[in-house]
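S.K.: Supplied structure: upload.txt, compact mmCIF, N, CA and C atoms.
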# COMPACT_ATOMS: atom_id res chain seq x y z
N MET A 1 0.82 -1.20 0.00
CA MET A 1 0.00 0.00 0.00
C MET A 1 0.86 1.26 0.00
N GLY A 2 2.17 1.10 0.06
CA GLY A 2 3.05 2.26 0.00
C GLY A 2 3.60 2.64 1.36
N ARG A 3 4.37 3.71 1.33
CA ARG A 3 5.06 4.16 2.54
C ARG A 3 4.09 4.73 3.58
N TYR A 4 3.03 5.39 3.11
CA TYR A 4 2.06 6.01 4.00
C TYR A 4 0.68 5.41 3.72
N PRO A 5 0.41 4.20 4.20
CA PRO A 5 -0.84 3.54 3.84
C PRO A 5 -2.10 4.27 4.31
N LEU A 6 -2.06 4.85 5.50
CA LEU A 6 -3.25 5.55 5.99
C LEU A 6 -3.53 6.78 5.13
N LEU A 7 -2.50 7.53 4.81
CA LEU A 7 -2.68 8.74 4.00
C LEU A 7 -3.23 8.39 2.62
N THR A 8 -2.77 7.29 2.05
CA THR A 8 -3.26 6.84 0.75
C THR A 8 -4.75 6.53 0.82
N VAL A 9 -5.14 5.81 1.84
CA VAL A 9 -6.55 5.43 2.00
C VAL A 9 -7.40 6.66 2.28
N ILE A 10 -6.89 7.60 3.06
CA ILE A 10 -7.64 8.82 3.38
C ILE A 10 -8.03 9.54 2.10
N GLY A 11 -7.11 9.64 1.15
CA GLY A 11 -7.40 10.29 -0.12
C GLY A 11 -8.54 9.61 -0.87
N ARG A 12 -8.50 8.29 -0.94
CA ARG A 12 -9.56 7.54 -1.63
C ARG A 12 -10.88 7.64 -0.88
N TYR A 13 -10.82 7.56 0.44
CA TYR A 13 -12.02 7.65 1.30
C TYR A 13 -12.71 9.01 1.10
N LEU A 14 -11.94 10.09 1.15
CA LEU A 14 -12.52 11.43 1.01
C LEU A 14 -13.05 11.66 -0.41
N GLU A 15 -12.38 11.10 -1.39
CA GLU A 15 -12.86 11.23 -2.77
C GLU A 15 -14.25 10.61 -2.90
N LYS A 16 -14.43 9.46 -2.27
CA LYS A 16 -15.72 8.78 -2.32
C LYS A 16 -16.80 9.58 -1.57
N ARG A 17 -16.42 10.23 -0.50
CA ARG A 17 -17.37 10.99 0.33
C ARG A 17 -17.67 12.39 -0.21
N LYS A 18 -16.93 12.80 -1.22
CA LYS A 18 -17.06 14.16 -1.76
C LYS A 18 -18.50 14.49 -2.16
N LEU A 19 -19.21 13.54 -2.71
CA LEU A 19 -20.58 13.79 -3.15
C LEU A 19 -21.58 13.83 -2.00
N MET A 20 -21.18 13.29 -0.85
CA MET A 20 -22.10 13.19 0.29
C MET A 20 -22.02 14.38 1.24
N MET A 21 -20.97 15.17 1.14
CA MET A 21 -20.72 16.20 2.14
C MET A 21 -20.52 17.57 1.50
N CYS A 22 -20.82 18.61 2.26
CA CYS A 22 -20.53 19.95 1.75
C CYS A 22 -19.02 20.20 1.86
N LYS A 23 -18.53 21.18 1.14
CA LYS A 23 -17.09 21.43 1.05
C LYS A 23 -16.45 21.70 2.41
N SER A 24 -17.13 22.47 3.24
CA SER A 24 -16.52 22.82 4.54
C SER A 24 -16.42 21.61 5.45
N THR A 25 -17.42 20.74 5.43
CA THR A 25 -17.38 19.53 6.24
C THR A 25 -16.28 18.60 5.74
N LEU A 26 -16.17 18.48 4.43
CA LEU A 26 -15.14 17.65 3.83
C LEU A 26 -13.75 18.19 4.17
N ALA A 27 -13.58 19.49 4.12
CA ALA A 27 -12.29 20.10 4.45
C ALA A 27 -11.94 19.85 5.91
N ASN A 28 -12.93 19.94 6.80
CA ASN A 28 -12.68 19.69 8.22
C ASN A 28 -12.30 18.23 8.45
N GLU A 29 -13.00 17.32 7.80
CA GLU A 29 -12.69 15.90 7.96
C GLU A 29 -11.31 15.60 7.40
N ARG A 30 -10.95 16.22 6.27
CA ARG A 30 -9.62 16.04 5.69
C ARG A 30 -8.55 16.49 6.68
N ARG A 31 -8.77 17.64 7.29
CA ARG A 31 -7.80 18.18 8.26
C ARG A 31 -7.63 17.23 9.44
N ILE A 32 -8.75 16.74 9.98
CA ILE A 32 -8.69 15.82 11.12
C ILE A 32 -7.98 14.53 10.73
N LEU A 33 -8.33 13.97 9.58
CA LEU A 33 -7.73 12.70 9.16
C LEU A 33 -6.24 12.83 8.88
N LYS A 34 -5.83 13.95 8.31
CA LYS A 34 -4.38 14.15 8.09
C LYS A 34 -3.65 14.28 9.42
N HIS A 35 -4.29 14.89 10.38
CA HIS A 35 -3.69 14.99 11.72
C HIS A 35 -3.58 13.60 12.34
N ILE A 36 -4.63 12.81 12.21
CA ILE A 36 -4.62 11.44 12.73
C ILE A 36 -3.49 10.65 12.08
N ASP A 37 -3.32 10.79 10.76
CA ASP A 37 -2.24 10.09 10.06
C ASP A 37 -0.89 10.47 10.64
N LYS A 38 -0.67 11.76 10.82
CA LYS A 38 0.60 12.25 11.37
C LYS A 38 0.86 11.67 12.76
N VAL A 39 -0.17 11.71 13.59
CA VAL A 39 -0.04 11.20 14.96
C VAL A 39 0.25 9.70 14.96
N MET A 40 -0.49 8.95 14.13
CA MET A 40 -0.30 7.50 14.12
C MET A 40 1.09 7.13 13.61
N ARG A 41 1.62 7.87 12.64
CA ARG A 41 2.99 7.61 12.19
C ARG A 41 3.98 7.88 13.31
N GLU A 42 3.77 8.97 14.07
CA GLU A 42 4.65 9.28 15.20
C GLU A 42 4.57 8.18 16.26
N LEU A 43 3.35 7.72 16.56
CA LEU A 43 3.19 6.64 17.53
C LEU A 43 3.86 5.36 17.05
N GLY A 44 3.80 5.13 15.74
CA GLY A 44 4.48 3.96 15.17
C GLY A 44 5.98 4.07 15.32
N LYS A 45 6.54 5.26 15.05
CA LYS A 45 7.98 5.47 15.19
C LYS A 45 8.43 5.31 16.64
N ASP A 46 7.58 5.74 17.57
CA ASP A 46 7.89 5.65 19.00
C ASP A 46 7.71 4.24 19.56
N GLY A 47 7.17 3.34 18.73
CA GLY A 47 6.94 1.97 19.18
C GLY A 47 5.67 1.81 20.00
N ARG A 48 4.85 2.84 20.06
CA ARG A 48 3.61 2.76 20.84
C ARG A 48 2.47 2.16 20.04
N MET A 49 2.63 2.16 18.71
CA MET A 49 1.60 1.61 17.84
C MET A 49 2.28 0.63 16.89
N GLU A 50 1.71 -0.56 16.81
CA GLU A 50 2.32 -1.59 15.98
C GLU A 50 2.03 -1.39 14.51
N ASN A 51 0.82 -0.93 14.20
CA ASN A 51 0.39 -0.88 12.81
C ASN A 51 -0.22 0.46 12.46
N THR A 52 0.26 1.08 11.39
CA THR A 52 -0.38 2.30 10.89
C THR A 52 -1.14 2.02 9.60
N ASN A 53 -1.13 0.77 9.18
CA ASN A 53 -1.89 0.36 8.00
C ASN A 53 -3.35 0.19 8.43
N PRO A 54 -4.28 0.96 7.83
CA PRO A 54 -5.67 0.90 8.27
C PRO A 54 -6.33 -0.47 8.09
N GLU A 55 -5.81 -1.28 7.21
CA GLU A 55 -6.37 -2.63 7.03
C GLU A 55 -5.97 -3.56 8.17
N LYS A 56 -4.91 -3.20 8.90
CA LYS A 56 -4.39 -4.07 9.96
C LYS A 56 -4.45 -3.44 11.34
N THR A 57 -5.08 -2.28 11.46
CA THR A 57 -5.17 -1.60 12.76
C THR A 57 -5.87 -2.51 13.76
N SER A 58 -5.26 -2.65 14.93
CA SER A 58 -5.76 -3.55 15.96
C SER A 58 -6.34 -2.76 17.13
N PRO A 59 -7.02 -3.46 18.05
CA PRO A 59 -7.50 -2.77 19.25
C PRO A 59 -6.36 -2.11 20.04
N GLU A 60 -5.20 -2.72 20.05
CA GLU A 60 -4.05 -2.13 20.75
C GLU A 60 -3.62 -0.82 20.09
N ASP A 61 -3.70 -0.78 18.77
CA ASP A 61 -3.37 0.45 18.04
C ASP A 61 -4.38 1.55 18.34
N VAL A 62 -5.64 1.18 18.36
CA VAL A 62 -6.70 2.15 18.69
C VAL A 62 -6.49 2.65 20.12
N ARG A 63 -6.16 1.75 21.02
CA ARG A 63 -5.93 2.12 22.42
C ARG A 63 -4.76 3.10 22.53
N ALA A 64 -3.70 2.86 21.76
CA ALA A 64 -2.54 3.77 21.77
C ALA A 64 -2.96 5.17 21.30
N PHE A 65 -3.80 5.21 20.28
CA PHE A 65 -4.29 6.50 19.78
C PHE A 65 -5.16 7.19 20.83
N LEU A 66 -6.04 6.43 21.48
CA LEU A 66 -6.88 7.00 22.55
C LEU A 66 -6.03 7.51 23.71
N ASP A 67 -4.99 6.76 24.06
CA ASP A 67 -4.08 7.19 25.13
C ASP A 67 -3.39 8.49 24.76
N TRP A 68 -3.00 8.60 23.49
CA TRP A 68 -2.35 9.83 23.02
C TRP A 68 -3.29 11.02 23.19
N MET A 69 -4.57 10.84 22.81
CA MET A 69 -5.53 11.94 22.96
C MET A 69 -5.72 12.30 24.43
N GLU A 70 -5.74 11.28 25.29
CA GLU A 70 -5.90 11.51 26.73
C GLU A 70 -4.70 12.31 27.27
N GLU A 71 -3.50 11.93 26.87
CA GLU A 71 -2.29 12.62 27.31
C GLU A 71 -2.29 14.10 26.90
N ARG A 72 -2.91 14.38 25.76
CA ARG A 72 -2.93 15.75 25.24
C ARG A 72 -4.10 16.55 25.80
N GLY A 73 -4.94 15.93 26.61
CA GLY A 73 -6.05 16.64 27.25
C GLY A 73 -7.22 16.94 26.34
N PHE A 74 -7.44 16.09 25.34
CA PHE A 74 -8.59 16.28 24.45
C PHE A 74 -9.88 16.22 25.25
N GLU A 75 -10.83 17.06 24.89
CA GLU A 75 -12.17 17.02 25.48
C GLU A 75 -12.88 15.77 24.95
N PRO A 76 -13.84 15.22 25.72
CA PRO A 76 -14.57 14.04 25.25
C PRO A 76 -15.19 14.22 23.87
N GLU A 77 -15.72 15.40 23.59
CA GLU A 77 -16.33 15.68 22.28
C GLU A 77 -15.30 15.54 21.16
N SER A 78 -14.10 16.05 21.37
CA SER A 78 -13.04 15.97 20.36
C SER A 78 -12.56 14.53 20.19
N LYS A 79 -12.42 13.82 21.29
CA LYS A 79 -12.02 12.41 21.20
C LYS A 79 -13.02 11.62 20.37
N ALA A 80 -14.30 11.85 20.64
CA ALA A 80 -15.35 11.13 19.91
C ALA A 80 -15.31 11.49 18.43
N LYS A 81 -15.08 12.76 18.10
CA LYS A 81 -15.02 13.20 16.71
C LYS A 81 -13.86 12.55 15.98
N TYR A 82 -12.67 12.56 16.59
CA TYR A 82 -11.49 11.94 15.98
C TYR A 82 -11.71 10.45 15.79
N LEU A 83 -12.28 9.80 16.79
CA LEU A 83 -12.53 8.36 16.71
C LEU A 83 -13.56 8.07 15.62
N HIS A 84 -14.56 8.91 15.49
CA HIS A 84 -15.57 8.75 14.45
C HIS A 84 -14.92 8.85 13.05
N CYS A 85 -14.06 9.83 12.87
CA CYS A 85 -13.37 10.00 11.58
C CYS A 85 -12.47 8.80 11.28
N LEU A 86 -11.71 8.37 12.27
CA LEU A 86 -10.84 7.20 12.09
C LEU A 86 -11.67 5.96 11.78
N ASN A 87 -12.77 5.78 12.48
CA ASN A 87 -13.64 4.63 12.25
C ASN A 87 -14.16 4.60 10.81
N GLY A 88 -14.50 5.76 10.26
CA GLY A 88 -14.96 5.83 8.88
C GLY A 88 -13.92 5.29 7.91
N VAL A 89 -12.68 5.67 8.12
CA VAL A 89 -11.60 5.21 7.24
C VAL A 89 -11.38 3.71 7.43
N LEU A 90 -11.39 3.26 8.67
CA LEU A 90 -11.16 1.83 8.94
C LEU A 90 -12.28 0.98 8.32
N LEU A 91 -13.51 1.44 8.45
CA LEU A 91 -14.63 0.70 7.85
C LEU A 91 -14.53 0.71 6.32
N PHE A 92 -14.04 1.80 5.75
CA PHE A 92 -13.81 1.89 4.31
C PHE A 92 -12.82 0.80 3.87
N CYS A 93 -11.88 0.47 4.77
CA CYS A 93 -10.87 -0.57 4.49
C CYS A 93 -11.33 -1.96 4.93
N LYS A 94 -12.61 -2.06 5.27
CA LYS A 94 -13.17 -3.34 5.72
C LYS A 94 -12.55 -3.81 7.04
N ASN A 95 -12.18 -2.85 7.88
CA ASN A 95 -11.61 -3.16 9.18
C ASN A 95 -12.55 -2.62 10.27
N PRO A 96 -13.40 -3.48 10.83
CA PRO A 96 -14.38 -3.03 11.83
C PRO A 96 -13.83 -3.03 13.26
N VAL A 97 -12.55 -2.77 13.44
CA VAL A 97 -11.94 -2.91 14.76
C VAL A 97 -12.63 -2.05 15.82
N ILE A 98 -12.96 -0.81 15.49
CA ILE A 98 -13.60 0.06 16.49
C ILE A 98 -15.02 -0.41 16.78
N GLU A 99 -15.74 -0.83 15.74
CA GLU A 99 -17.09 -1.38 15.94
C GLU A 99 -17.02 -2.63 16.83
N ASN A 100 -16.05 -3.48 16.58
CA ASN A 100 -15.88 -4.70 17.39
C ASN A 100 -15.55 -4.35 18.83
N MET A 101 -14.70 -3.34 19.02
CA MET A 101 -14.35 -2.93 20.37
C MET A 101 -15.59 -2.46 21.13
N ARG A 102 -16.47 -1.71 20.45
CA ARG A 102 -17.71 -1.26 21.09
C ARG A 102 -18.56 -2.45 21.51
N ARG A 103 -18.73 -3.39 20.57
CA ARG A 103 -19.55 -4.58 20.87
C ARG A 103 -18.98 -5.41 22.01
N GLU A 104 -17.66 -5.42 22.12
CA GLU A 104 -17.01 -6.23 23.16
C GLU A 104 -16.98 -5.51 24.51
N GLY A 105 -17.48 -4.28 24.55
CA GLY A 105 -17.59 -3.59 25.83
C GLY A 105 -16.48 -2.61 26.15
N PHE A 106 -15.60 -2.32 25.20
CA PHE A 106 -14.57 -1.31 25.44
C PHE A 106 -15.27 0.02 25.69
N ARG A 107 -14.75 0.78 26.63
CA ARG A 107 -15.31 2.10 26.91
C ARG A 107 -14.63 3.11 25.99
N LEU A 108 -15.34 3.50 24.96
CA LEU A 108 -14.82 4.45 23.99
C LEU A 108 -15.51 5.79 24.18
N PRO A 109 -14.81 6.88 23.85
CA PRO A 109 -15.41 8.21 24.02
C PRO A 109 -16.69 8.35 23.21
N ARG A 110 -17.65 9.06 23.79
CA ARG A 110 -18.91 9.35 23.11
C ARG A 110 -19.16 10.84 23.16
N ARG A 111 -19.91 11.29 22.19
CA ARG A 111 -20.28 12.70 22.19
C ARG A 111 -21.28 12.95 23.31
N THR A 112 -21.08 14.06 23.98
CA THR A 112 -21.99 14.43 25.06
C THR A 112 -22.54 15.82 24.77
N LYS A 113 -23.70 16.08 25.31
CA LYS A 113 -24.27 17.41 25.17
C LYS A 113 -23.63 18.31 26.21
N LYS A 114 -23.12 19.43 25.73
CA LYS A 114 -22.52 20.40 26.64
C LYS A 114 -23.61 21.35 27.12
N PRO A 115 -23.53 21.77 28.38
CA PRO A 115 -24.55 22.70 28.88
C PRO A 115 -24.43 24.05 28.18
N ILE A 116 -25.57 24.68 27.99
CA ILE A 116 -25.60 26.01 27.39
C ILE A 116 -25.53 27.03 28.52
N HIS A 117 -24.56 27.91 28.42
CA HIS A 117 -24.39 28.95 29.44
C HIS A 117 -24.94 30.25 28.88
N ALA A 118 -26.02 30.72 29.46
CA ALA A 118 -26.66 31.97 29.02
C ALA A 118 -26.18 33.12 29.90
N ILE A 119 -26.20 34.30 29.30
CA ILE A 119 -25.85 35.50 30.06
C ILE A 119 -26.97 35.77 31.05
N PRO A 120 -26.64 36.00 32.32
CA PRO A 120 -27.69 36.33 33.30
C PRO A 120 -28.46 37.57 32.86
N GLU A 121 -29.74 37.59 33.19
CA GLU A 121 -30.60 38.70 32.74
C GLU A 121 -30.09 40.05 33.24
N VAL A 122 -29.54 40.10 34.43
CA VAL A 122 -29.01 41.35 34.98
C VAL A 122 -27.90 41.89 34.06
N ASP A 123 -27.00 41.00 33.63
CA ASP A 123 -25.90 41.43 32.74
C ASP A 123 -26.43 41.82 31.38
N LEU A 124 -27.44 41.12 30.90
CA LEU A 124 -28.03 41.44 29.60
C LEU A 124 -28.64 42.84 29.61
N VAL A 125 -29.32 43.19 30.68
CA VAL A 125 -29.91 44.53 30.81
C VAL A 125 -28.81 45.58 30.82
N ARG A 126 -27.73 45.30 31.55
CA ARG A 126 -26.61 46.26 31.61
C ARG A 126 -25.97 46.44 30.24
N ILE A 127 -25.84 45.38 29.48
CA ILE A 127 -25.26 45.46 28.13
C ILE A 127 -26.17 46.30 27.23
N GLN A 128 -27.49 46.04 27.32
CA GLN A 128 -28.44 46.79 26.48
C GLN A 128 -28.42 48.28 26.84
N GLU A 129 -28.34 48.58 28.13
CA GLU A 129 -28.29 49.98 28.56
C GLU A 129 -27.04 50.66 28.05
N ALA A 130 -25.90 49.98 28.14
CA ALA A 130 -24.64 50.55 27.67
C ALA A 130 -24.67 50.74 26.16
N ALA A 131 -25.23 49.78 25.44
CA ALA A 131 -25.29 49.88 23.98
C ALA A 131 -26.20 51.02 23.54
N SER A 132 -27.27 51.24 24.27
CA SER A 132 -28.20 52.31 23.88
C SER A 132 -27.56 53.69 24.04
N LYS A 133 -26.52 53.80 24.83
CA LYS A 133 -25.83 55.08 25.04
C LYS A 133 -24.78 55.35 23.96
N LEU A 134 -24.52 54.33 23.11
CA LEU A 134 -23.54 54.52 22.04
C LEU A 134 -24.12 55.42 20.96
N GLU A 135 -23.33 56.36 20.52
CA GLU A 135 -23.77 57.30 19.50
C GLU A 135 -23.90 56.59 18.16
N GLY A 136 -25.05 56.76 17.52
CA GLY A 136 -25.29 56.19 16.20
C GLY A 136 -25.83 54.76 16.25
N TRP A 137 -25.95 54.18 17.42
CA TRP A 137 -26.46 52.80 17.53
C TRP A 137 -27.98 52.85 17.54
N ILE A 138 -28.63 52.05 16.66
CA ILE A 138 -30.09 52.09 16.56
C ILE A 138 -30.72 50.79 17.04
N GLY A 139 -29.93 49.91 17.59
CA GLY A 139 -30.49 48.70 18.22
C GLY A 139 -30.72 47.54 17.30
N THR A 140 -30.05 47.49 16.16
CA THR A 140 -30.24 46.32 15.27
C THR A 140 -28.95 45.54 15.14
Please go through the file and, once you have read it, give me the structure as structure tokens.
M.R.:
Amino acid sequence: MGRYPLLTVIGRYLEKRKLMMCKSTLANERRILKHIDKVMRELGKDGRMENTNPEKTSPEDVRAFLDWMEERGFEPESKAKYLHCLNGVLLFCKNPVIENMRREGFRLPRRTKKPIHAIPEVDLVRIQEAASKLEGWIGT
């Protein structure tokens, strides 16, 4: 598959998804997947990951990647997003390792709803009062 098997597959995977996604979503997924490729190659060089070939990625390789995200302080939402993107590529390669890990009971990051923090009404009134004192401001 070449020197950079994951990067090769990422290109084919994104080409296939081009018709399904808007340009900005595709660009974001491309950015995330290229970052994942870079990280996995570094983990491979460090001996923390045995396989960077997406057809042969194992649960231990996925665990090494998850550990790397944990060490870097990724938020649960970001971990879940990166894992989702990686899973898409692995499934494209007919490698259901992440799906199998879920079925076997591995605790993998999931997206969570973050609480919405609203401005307290007292502060909102103060902001509106200050804005109304601005010269030329008509409130739109």
S.K.: Run DSSP on the backbone and give me the residues of chain A it puts in alpha helix (DSSP H), as number ranges by chain.
M.R.: A: 5-17, 23-45, 59-71, 76-92, 97-103, 121-132
S.K.: Ranking A:Gln128, A:Asn51, A:Asn87, A:Ser78 by minimum distance to Arg110 of chain A and counting only N, CA and C atoms, which one comes first?
M.R.: A:Ser78
S.K.: I'd like the interatomic distance between atom C of Pro76 of chain A and atom CA of Val62 of chain A, to a tenth of an Å.
M.R.: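 These atoms are spaced 15.6 Å apart.
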S.K.: Using all atoms listed in the file, determine which residues lie at most 6.5 Å from Glu55 of chain A, disregarding the query and same-chain residues fewer than 2 positions distant; provide the list as a list of chain:residue names.
M.R.: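 Contacts, with the query itself left out: A:Thr52, A:Asn53, A:Thr57, A:Leu90, A:Cys93, A:Lys94, A:Asn95.
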S.K.: For the point (-11.8, 11.3, 2.1) in file coordinates, what residues are within 10 Å, counting only C-alpha atoms? Give the answer as a PyMOL selection string?
M.R.: chain A and resi 7-18+26-27+29-30+33-34+85+88-89+92
S.K.: Using Å and a single decimal, report how far atom C of Arg48 of chain A sits from atom CA of Asp61 of chain A.
M.R.: 6.4 Å
S.K.: Write out as a list in words each polymer residue whose atoms come within 9 Å of segment 63-66 of chain A, counting only C-alpha atoms; drop sequence neighbours fewer than 5 positions from it.
M.R.: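 Using only C-alpha atoms, the neighbours found are Ile36, Val39, Met40, Leu43, Arg48, Met49, Ser58, Glu71, Lys79, Leu83, Leu108 and Pro109 of chain A.
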S.K.: Would you work out the distance separating atom CA of Lys23 of chain A from atom CA of Lys81 of chain A, expressed in Å to one decimal?
M.R.: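 We find that atom CA of Lys23 of chain A and atom CA of Lys81 of chain A lie 17.8 Å from each other.
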